[in-house]
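Peer 1: Next comes final-v3.txt, compact mmCIF, C-alpha atoms and all ligand atoms:
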```txt
# COMPACT_ATOMS: atom_id res chain seq x y z
CA MET C 1 28.58 -38.46 -59.98
CA LEU C 2 24.98 -38.50 -58.81
CA GLU C 3 26.14 -40.28 -55.68
CA SER C 4 28.79 -37.71 -54.85
CA ILE C 5 26.15 -34.95 -55.29
CA GLN C 6 23.99 -36.75 -52.73
CA GLN C 7 26.92 -37.11 -50.30
CA LEU C 8 27.84 -33.48 -50.75
CA ARG C 9 24.34 -32.42 -49.84
CA GLN C 10 24.50 -34.43 -46.62
CA SER C 11 27.85 -32.99 -45.59
CA ALA C 12 26.69 -29.45 -46.48
CA GLU C 13 23.66 -29.94 -44.23
CA ALA C 14 25.81 -31.26 -41.39
CA GLU C 15 28.31 -28.43 -41.73
CA ILE C 16 25.76 -25.62 -41.77
CA ALA C 17 24.36 -26.94 -38.49
CA SER C 18 27.74 -26.50 -36.79
CA VAL C 19 28.26 -22.93 -38.04
CA THR C 20 27.97 -20.45 -35.14
CA THR C 21 30.02 -17.39 -36.17
CA PRO C 22 30.11 -15.07 -39.19
CA GLU C 23 33.69 -16.26 -39.87
CA GLU C 24 32.60 -19.91 -40.05
CA LEU C 25 29.70 -18.89 -42.29
CA GLU C 26 32.07 -17.10 -44.68
CA ALA C 27 34.29 -20.20 -44.84
CA TYR C 28 31.19 -22.23 -45.66
CA ARG C 29 30.27 -19.86 -48.46
CA VAL C 30 33.79 -19.98 -49.90
CA LYS C 31 33.81 -23.75 -49.72
CA TYR C 32 30.50 -24.33 -51.52
CA LEU C 33 29.11 -21.30 -53.24
CA VAL C 34 31.82 -19.14 -54.85
CA ARG C 35 32.86 -19.39 -58.49
CA LYS C 36 35.75 -21.69 -57.60
CA GLY C 37 33.79 -23.58 -54.94
CA ILE C 38 32.85 -27.25 -54.87
CA ILE C 39 29.49 -26.83 -56.56
CA ALA C 40 30.89 -24.72 -59.39
CA ARG C 41 33.57 -27.38 -59.93
CA LEU C 42 30.89 -30.07 -60.23
CA PHE C 43 29.13 -27.98 -62.87
CA ASP C 44 32.45 -27.92 -64.76
CA GLU C 45 32.83 -31.69 -64.40
CA MET C 46 29.30 -32.21 -65.69
CA LYS C 47 30.39 -30.77 -69.06
CA SER C 48 32.48 -33.89 -69.68
CA ALA C 49 29.71 -36.31 -68.70
CA PRO C 50 27.86 -38.32 -71.36
CA ALA C 51 25.21 -36.18 -73.05
CA ALA C 52 22.43 -38.54 -71.97
CA ASP C 53 23.26 -38.03 -68.26
CA LYS C 54 23.45 -34.24 -68.45
CA PRO C 55 19.77 -33.37 -67.84
CA VAL C 56 19.61 -35.54 -64.67
CA LEU C 57 22.97 -34.31 -63.38
CA GLY C 58 22.09 -30.68 -64.18
CA LYS C 59 18.82 -30.95 -62.29
CA ALA C 60 20.53 -32.55 -59.29
CA LEU C 61 23.26 -29.91 -59.26
CA ASN C 62 20.77 -27.06 -59.52
CA GLU C 63 18.82 -28.50 -56.62
CA LEU C 64 22.00 -28.89 -54.60
CA ARG C 65 23.02 -25.30 -55.27
CA SER C 66 19.66 -23.82 -54.29
CA ALA C 67 19.49 -25.99 -51.17
CA VAL C 68 22.98 -24.92 -50.02
CA GLN C 69 22.22 -21.30 -50.93
CA ALA C 70 18.99 -21.46 -48.88
CA MET C 71 20.76 -23.01 -45.87
CA PHE C 72 23.43 -20.30 -46.12
CA GLU C 73 20.91 -17.46 -46.28
CA GLU C 74 18.88 -18.82 -43.41
CA LYS C 75 21.95 -19.12 -41.21
CA GLU C 76 23.14 -15.68 -42.29
CA SER C 77 19.91 -13.98 -41.23
CA ARG C 78 19.90 -15.91 -37.98
CA LEU C 79 23.49 -14.90 -37.15
CA ARG C 80 22.86 -11.27 -37.98
CA LYS C 81 19.63 -11.15 -35.92
CA PRO C 82 19.90 -13.67 -33.09
CA GLU C 83 16.64 -14.78 -31.44
CA SER C 84 17.41 -12.85 -28.25
CA ALA C 85 18.00 -9.63 -30.20
CA ARG C 86 14.46 -9.67 -31.55
CA ALA C 87 13.08 -9.05 -28.04
CA LEU C 88 15.45 -6.17 -27.28
CA VAL C 89 14.21 -2.65 -26.53
CA ASP C 90 13.08 -0.60 -29.49
CA LEU C 91 14.81 2.71 -28.82
CA THR C 92 12.56 4.53 -31.26
CA LEU C 93 9.42 3.90 -29.19
CA ALA C 94 8.05 6.62 -26.90
CA GLY C 95 8.68 5.96 -23.17
CA ARG C 96 6.05 4.46 -20.92
CA ARG C 97 5.13 6.33 -17.73
CA GLY C 98 5.97 4.17 -14.70
CA PHE C 99 3.37 3.78 -11.92
CA SER C 100 4.59 4.48 -8.43
CA GLY C 101 2.28 3.83 -5.51
CA THR C 102 0.95 6.45 -3.06
CA ARG C 103 0.52 6.41 0.70
CA HIS C 104 -2.90 5.11 1.69
CA PRO C 105 -5.23 8.03 2.57
CA LEU C 106 -5.79 6.60 6.06
CA MET C 107 -2.03 6.46 6.68
CA GLN C 108 -1.58 9.98 5.30
CA THR C 109 -4.21 11.21 7.74
CA LEU C 110 -2.70 9.24 10.62
CA ASP C 111 0.80 10.53 9.83
CA GLU C 112 -0.42 14.14 9.77
CA VAL C 113 -2.16 13.76 13.15
CA LYS C 114 0.94 12.10 14.62
CA SER C 115 3.31 14.75 13.32
CA ILE C 116 1.26 17.63 14.76
CA PHE C 117 1.21 16.04 18.23
CA VAL C 118 4.87 15.04 18.07
CA ARG C 119 5.75 18.69 17.31
CA MET C 120 3.76 19.66 20.44
CA GLY C 121 5.87 17.33 22.58
CA PHE C 122 3.83 14.10 22.62
CA GLY C 123 5.47 10.68 22.39
CA ILE C 124 3.94 7.77 20.47
CA ALA C 125 3.00 4.55 22.31
CA ASP C 126 1.95 1.18 20.96
CA GLY C 127 0.22 -1.86 22.45
CA PRO C 128 -1.46 -5.19 21.65
CA GLU C 129 -4.68 -5.45 19.62
CA LEU C 130 -5.62 -8.58 21.56
CA GLU C 131 -6.43 -7.31 25.04
CA ASP C 132 -8.09 -8.46 28.24
CA ASP C 133 -11.14 -7.27 30.10
CA TYR C 134 -9.05 -5.52 32.74
CA HIS C 135 -7.11 -3.20 30.39
CA ASN C 136 -9.98 -2.57 27.96
CA PHE C 137 -12.77 -1.99 30.52
CA GLU C 138 -12.13 -2.54 34.21
CA ALA C 139 -9.15 -0.16 34.67
CA LEU C 140 -10.96 2.44 32.54
CA ASN C 141 -13.81 2.71 35.05
CA PHE C 142 -16.25 0.43 33.27
CA PRO C 143 -17.44 -1.76 36.19
CA PRO C 144 -18.62 -5.29 35.31
CA ASP C 145 -22.19 -5.24 33.97
CA HIS C 146 -22.16 -1.43 33.71
CA PRO C 147 -24.42 -0.26 30.82
CA ALA C 148 -21.51 1.83 29.40
CA ARG C 149 -20.12 -1.46 28.07
CA ASP C 150 -23.14 -1.78 25.80
CA MET C 151 -21.89 1.21 23.81
CA GLN C 152 -18.99 -0.91 22.57
CA ASP C 153 -20.27 -4.26 21.31
CA THR C 154 -17.12 -6.30 21.80
CA PHE C 155 -15.50 -9.23 19.98
CA PHE C 156 -14.61 -11.64 22.79
CA VAL C 157 -12.16 -14.42 21.97
CA SER C 158 -12.45 -16.09 25.38
CA ARG C 159 -14.08 -15.27 28.74
CA THR C 160 -11.70 -12.35 29.34
CA GLY C 161 -9.70 -12.12 26.07
CA LEU C 162 -11.03 -9.61 23.56
CA LEU C 163 -10.13 -7.41 20.58
CA ARG C 164 -9.59 -3.92 22.00
CA THR C 165 -12.53 -1.60 21.36
CA HIS C 166 -10.38 1.54 21.74
CA THR C 167 -6.66 2.32 22.16
CA SER C 168 -7.18 3.39 25.81
CA PRO C 169 -5.72 0.10 27.15
CA VAL C 170 -2.36 1.29 25.78
CA GLN C 171 -2.65 4.35 28.04
CA ILE C 172 -3.31 2.08 31.02
CA ARG C 173 -0.15 0.12 30.15
CA VAL C 174 1.89 3.32 29.71
CA MET C 175 0.73 4.77 33.07
CA LYS C 176 1.37 1.48 34.85
CA SER C 177 4.91 1.35 33.48
CA GLN C 178 6.02 4.94 34.13
CA LYS C 179 5.56 7.78 36.60
CA PRO C 180 4.01 11.15 35.69
CA PRO C 181 4.50 13.31 33.71
CA VAL C 182 3.09 11.30 30.80
CA ARG C 183 2.45 12.93 27.44
CA ALA C 184 1.77 10.54 24.57
CA ILE C 185 -0.59 9.60 21.77
CA MET C 186 -1.65 6.05 20.95
CA PRO C 187 -2.54 5.35 17.31
CA GLY C 188 -3.82 1.96 16.26
CA ARG C 189 -6.56 -0.39 15.06
CA VAL C 190 -9.61 -1.07 17.18
CA PHE C 191 -12.52 -3.49 16.76
CA ARG C 192 -16.24 -3.31 17.46
CA ASN C 193 -19.05 -5.65 16.52
CA GLU C 194 -20.85 -3.06 14.38
CA ALA C 195 -23.09 -3.69 11.40
CA ILE C 196 -20.84 -2.59 8.52
CA SER C 197 -22.22 0.33 6.51
CA ALA C 198 -21.14 3.53 4.76
CA ARG C 199 -20.92 5.16 8.20
CA SER C 200 -19.54 2.43 10.44
CA LEU C 201 -16.93 -0.30 10.24
CA ALA C 202 -16.08 -3.21 12.54
CA ALA C 203 -12.33 -2.50 12.36
CA PHE C 204 -10.99 1.05 12.15
CA TYR C 205 -8.15 3.34 13.23
CA GLN C 206 -8.12 5.57 16.24
CA VAL C 207 -5.72 8.02 17.86
CA GLU C 208 -6.01 8.71 21.56
CA GLY C 209 -3.90 11.12 23.56
CA LEU C 210 -3.08 11.58 27.21
CA TYR C 211 -1.33 14.23 29.26
CA VAL C 212 -0.87 13.67 33.02
CA ASP C 213 1.12 15.90 35.36
CA ARG C 214 0.65 18.04 38.46
CA GLY C 215 -1.79 20.88 37.80
CA VAL C 216 -3.10 19.94 34.33
CA THR C 217 -6.44 21.68 33.73
CA PHE C 218 -9.28 21.79 31.22
CA ALA C 219 -7.65 24.99 29.88
CA ASP C 220 -4.60 22.91 28.90
CA LEU C 221 -6.90 20.47 27.14
CA LYS C 222 -8.60 23.24 25.17
CA GLY C 223 -5.36 25.01 24.30
CA THR C 224 -3.77 21.84 22.95
CA LEU C 225 -6.80 20.54 21.05
CA VAL C 226 -7.64 23.93 19.53
CA SER C 227 -4.02 24.27 18.41
CA PHE C 228 -4.23 20.79 16.88
CA ALA C 229 -7.51 21.60 15.07
CA ARG C 230 -6.11 24.85 13.65
CA GLN C 231 -3.04 23.05 12.28
CA PHE C 232 -5.04 20.11 10.96
CA TYR C 233 -8.26 21.70 9.66
CA GLY C 234 -7.15 25.27 9.00
CA ARG C 235 -6.18 28.57 10.66
CA ASP C 236 -9.62 30.16 10.64
CA ILE C 237 -11.93 27.41 11.92
CA LYS C 238 -14.24 28.21 14.82
CA TYR C 239 -14.85 25.58 17.48
CA ARG C 240 -17.16 24.63 20.32
CA PHE C 241 -17.02 22.10 23.16
CA ILE C 242 -20.27 20.38 24.14
CA PRO C 243 -20.69 18.36 27.36
CA SER C 244 -20.70 14.59 26.81
CA PHE C 245 -20.10 11.35 28.69
CA PHE C 246 -17.25 8.83 28.68
CA PRO C 247 -16.73 6.38 31.54
CA PHE C 248 -13.02 7.27 31.83
CA THR C 249 -13.28 11.08 31.86
CA GLU C 250 -15.09 13.59 34.07
CA PRO C 251 -16.03 16.12 32.88
CA SER C 252 -16.25 14.95 29.26
CA ALA C 253 -16.83 16.89 26.07
CA GLU C 254 -17.10 16.61 22.31
CA MET C 255 -15.20 19.10 20.19
CA TYR C 256 -16.84 20.50 17.08
CA ILE C 257 -15.39 22.78 14.42
CA THR C 258 -17.23 24.92 11.88
CA CYS C 259 -17.85 22.92 8.73
CA PHE C 260 -14.95 23.65 6.39
CA LEU C 261 -17.05 22.87 3.32
CA CYS C 262 -19.83 25.44 3.86
CA LYS C 263 -18.02 27.62 6.44
CA GLY C 264 -20.85 27.08 8.91
CA LYS C 265 -23.80 27.89 6.64
CA GLY C 266 -25.12 24.31 6.61
CA CYS C 267 -24.58 21.63 3.95
CA ARG C 268 -24.77 17.88 3.30
CA MET C 269 -21.44 17.20 5.01
CA CYS C 270 -22.48 18.82 8.34
CA LYS C 271 -26.08 17.66 7.97
CA GLN C 272 -27.22 21.31 7.79
CA THR C 273 -25.88 22.08 11.29
CA GLY C 274 -22.78 24.05 10.23
CA TRP C 275 -20.74 22.00 12.76
CA LEU C 276 -18.58 18.87 12.48
CA GLU C 277 -17.78 16.63 15.46
CA VAL C 278 -14.03 16.01 15.37
CA LEU C 279 -13.11 14.36 18.68
CA GLY C 280 -14.11 13.35 22.21
CA CYS C 281 -12.16 14.44 25.26
CA GLY C 282 -12.23 15.09 28.99
CA MET C 283 -10.33 15.18 32.29
CA VAL C 284 -9.12 11.71 33.33
CA ASP C 285 -11.49 10.21 35.91
CA PRO C 286 -9.89 9.81 39.40
CA ASN C 287 -10.88 6.12 39.34
CA VAL C 288 -8.58 5.58 36.33
CA PHE C 289 -5.66 7.15 38.22
CA THR C 290 -6.33 4.93 41.22
CA ALA C 291 -6.42 1.84 38.99
CA VAL C 292 -2.94 2.57 37.59
CA GLY C 293 -1.45 3.57 40.96
CA TYR C 294 -1.37 7.37 40.47
CA ASP C 295 -2.66 9.56 43.32
CA PRO C 296 -5.65 11.60 42.00
CA GLU C 297 -5.05 14.12 44.81
CA VAL C 298 -1.59 14.88 43.37
CA VAL C 299 -1.90 14.55 39.58
CA SER C 300 -4.51 15.48 37.04
CA GLY C 301 -4.70 15.03 33.29
CA TYR C 302 -6.70 15.19 30.13
CA ALA C 303 -7.35 12.60 27.43
CA PHE C 304 -8.92 12.65 24.00
CA GLY C 305 -9.74 10.30 21.17
CA MET C 306 -10.59 10.57 17.48
CA GLY C 307 -11.49 8.11 14.74
CA ILE C 308 -9.04 8.31 11.84
CA ASP C 309 -11.37 6.78 9.25
CA ARG C 310 -14.07 9.36 9.91
CA THR C 311 -11.49 12.14 10.03
CA ALA C 312 -10.03 11.07 6.66
CA ALA C 313 -13.54 10.81 5.18
CA LEU C 314 -14.32 14.36 6.31
CA LEU C 315 -11.03 15.71 5.04
CA TYR C 316 -11.16 14.09 1.60
CA GLY C 317 -14.93 14.25 1.11
CA VAL C 318 -15.34 10.45 1.00
CA ASP C 319 -18.97 9.46 1.62
CA ASP C 320 -18.51 5.73 2.28
CA LEU C 321 -15.95 4.48 4.84
CA ARG C 322 -15.83 1.04 3.18
CA LEU C 323 -13.97 2.57 0.21
CA PHE C 324 -10.84 2.85 2.39
CA TYR C 325 -10.67 -0.94 2.69
CA GLU C 326 -11.68 -2.10 -0.79
CA ASN C 327 -8.25 -1.07 -2.13
CA ASP C 328 -9.61 -0.30 -5.56
CA ILE C 329 -6.57 1.22 -7.29
CA ARG C 330 -8.80 3.79 -9.07
CA PHE C 331 -9.90 5.09 -5.66
CA LEU C 332 -6.46 5.02 -4.03
CA ARG C 333 -4.69 6.82 -6.91
CA GLN C 334 -6.73 9.95 -6.23
CA PHE C 335 -4.87 10.75 -3.01
C1 LIG C 401 -13.78 9.30 20.98
C2 LIG C 401 -13.51 9.69 22.38
C3 LIG C 401 -11.92 9.49 24.13
C4 LIG C 401 -10.41 9.04 25.94
C5 LIG C 401 -10.90 8.75 24.67
C6 LIG C 401 -9.03 8.10 27.74
C7 LIG C 401 -8.09 7.16 28.04
C8 LIG C 401 -7.69 7.02 29.37
C9 LIG C 401 -8.21 7.80 30.32
C10 LIG C 401 -9.15 8.73 29.94
CL1 LIG C 401 -6.54 5.86 29.78
N1 LIG C 401 -9.54 8.87 28.68
N2 LIG C 401 -9.41 8.24 26.44
C11 LIG C 401 -10.99 10.08 26.64
C12 LIG C 401 -12.02 10.80 26.09
C13 LIG C 401 -12.49 10.52 24.82
O1 LIG C 401 -12.34 9.12 22.88
O2 LIG C 401 -14.71 9.76 20.38
N3 LIG C 401 -12.96 8.42 20.43
C14 LIG C 401 -13.09 7.96 19.08
```
Rewrite the structure of this file - the entire thing - as structure tokens.
Peer 2:
Amino acid sequence: MLESIQQLRQSAEAEIASVTTPEELEAYRVKYLVRKGIIARLFDEMKSAPAADKPVLGKALNELRSAVQAMFEEKESRLRKPESARALVDLTLAGRRGFSGTRHPLMQTLDEVKSIFVRMGFGIADGPELEDDYHNFEALNFPPDHPARDMQDTFFVSRTGLLRTHTSPVQIRVMKSQKPPVRAIMPGRVFRNEAISARSLAAFYQVEGLYVDRGVTFADLKGTLVSFARQFYGRDIKYRFIPSFFPFTEPSAEMYITCFLCKGKGCRMCKQTGWLEVLGCGMVDPNVFTAVGYDPEVVSGYAFGMGIDRTAALLYGVDDLRLFYENDIRFLRQF
């Protein structure tokens, strides 16, 4: 009888391993564990065994019953709560707030500038960041060895190949490929060999604009740029134009607006002057028209340029331009 108890234990172990459904588990229970099951029957049989064998048989049967009971219970809990179910969502937990990204502050600023000019009838033009000496300097009235080139310390990649120092070469390409009238802005990245600091970067964004037609005057320039500044910086800004120099415009000017932080009284942002420089501009130099094949006796035009990084820094009160490129999520989430 001891042997058949041993065999039974082996078959019970083998059978429990093949149980995969609650129905099979119930059949297992009925086979081994109920009052008329195999184990109960063995207990009955034991009663007719010789008295001397009873303690050993009883012990073996008790062990068999607890082992089968344990295997049954383990399988039962596993079937009721499968492994995969333990990782399922707990519907009683509070929800977690999802994190969605935001537009980068530089791109928000660029988009706003673009949309104002597009509403005023400007197209948007694009061009290569890797340029040549002709499009970046020569056609823009920077003669070879002219000191104006020193203002833009340039990354040369070969004798004439260079990273554009402004987006003006795009305007040269646009004028060379189409006849006047031309009215477009050119946003993009530009590169200068500057020592990187809170106030200057070696790679930054710029938007330039150009309007060429018969009879375009400095009054058109002012009207358009003042309208832009009012939409971008606010209805009630005051402005001033101060004479300046650019090789590709004559006359040239810098546009200032009253500091929107202190309203012109003088503060840290405007360095106590009450004025903020917002862009450079001027009437396109006749030499530029000649270079692109336009007749300066027939057409005239204005052009302007502004740095987006500086503009965004002004607008958002950011005091270090490098923050825009570190991509620290704690900084970017504020915009
Ligand atoms: C500034 C000033 C300026 C232009 C850019 C330009 C382009 C052509 C012809 C004439 Cl093709 N002018 N661009 C003109 C005046 C100023 O930029 O401070 N930029 C950040």
Peer 1: As a list of chain:residue names, please: the residues near C:Met46 (cut-off 10 Å, all atoms listed in the file, same-chain neighbours under 4 positions excluded).
Peer 2: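 The contact residues come out as C:Met1, C:Ala40, C:Arg41, C:Leu42, C:Pro50, C:Ala51, C:Asp53, C:Lys54, C:Pro55, C:Leu57, C:Gly58, C:Leu61.
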Peer 1: May I ask you to write as a ChimeraX atom specification all residues lying at most 6 Å from ligand LIG 401 (chain C), with all atoms listed in the file counted?
Peer 2: /C:168,171-172,208,248-249,279-282,284,303-307
Peer 1: Neighbours of stretch 62-70 of chain C within 9 Å (all atoms listed in the file; same-chain residues fewer than 3 positions away dropped), as a JSON list (two decimals) with C-alpha atoms, keeping the file's coordinate frame?
Peer 2:
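Ended up saving to result-v1.json:
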```json
[["chain", "number", "residue", "atom", "x", "y", "z"],
["C", 5, "ILE", "CA", 26.15, -34.95, -55.29],
["C", 6, "GLN", "CA", 23.99, -36.75, -52.73],
["C", 8, "LEU", "CA", 27.84, -33.48, -50.75],
["C", 9, "ARG", "CA", 24.34, -32.42, -49.84],
["C", 12, "ALA", "CA", 26.69, -29.45, -46.48],
["C", 13, "GLU", "CA", 23.66, -29.94, -44.23],
["C", 16, "ILE", "CA", 25.76, -25.62, -41.77],
["C", 29, "ARG", "CA", 30.27, -19.86, -48.46],
["C", 32, "TYR", "CA", 30.50, -24.33, -51.52],
["C", 33, "LEU", "CA", 29.11, -21.30, -53.24],
["C", 39, "ILE", "CA", 29.49, -26.83, -56.56],
["C", 40, "ALA", "CA", 30.89, -24.72, -59.39],
["C", 57, "LEU", "CA", 22.97, -34.31, -63.38],
["C", 58, "GLY", "CA", 22.09, -30.68, -64.18],
["C", 59, "LYS", "CA", 18.82, -30.95, -62.29],
["C", 73, "GLU", "CA", 20.91, -17.46, -46.28],
["C", 74, "GLU", "CA", 18.88, -18.82, -43.41],
["C", 75, "LYS", "CA", 21.95, -19.12, -41.21]]
```
Peer 1: So which residues touch C:Phe241 within 7 Å, counting only C-alpha atoms, skipping near sequence neighbours fewer than 3 positions away, as a list in words?
Peer 2: Ala253, Glu254, Met255 and Tyr256 of chain C
Peer 1: Looking at only C-alpha atoms, which of C:Leu79, C:Leu130, C:Leu93, C:Val278 is the one that sits closest to C:Val157?
Peer 2: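 With only C-alpha atoms as the atom set, the closest residue is C:Leu130.
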Peer 1: Between C:Asp285, C:Gly161, C:Lys31, C:Pro128, which one has atoms that come closest to C:Phe245, using only C-alpha atoms?
Peer 2: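 Result for the nearest residue to C:Phe245: C:Asp285.
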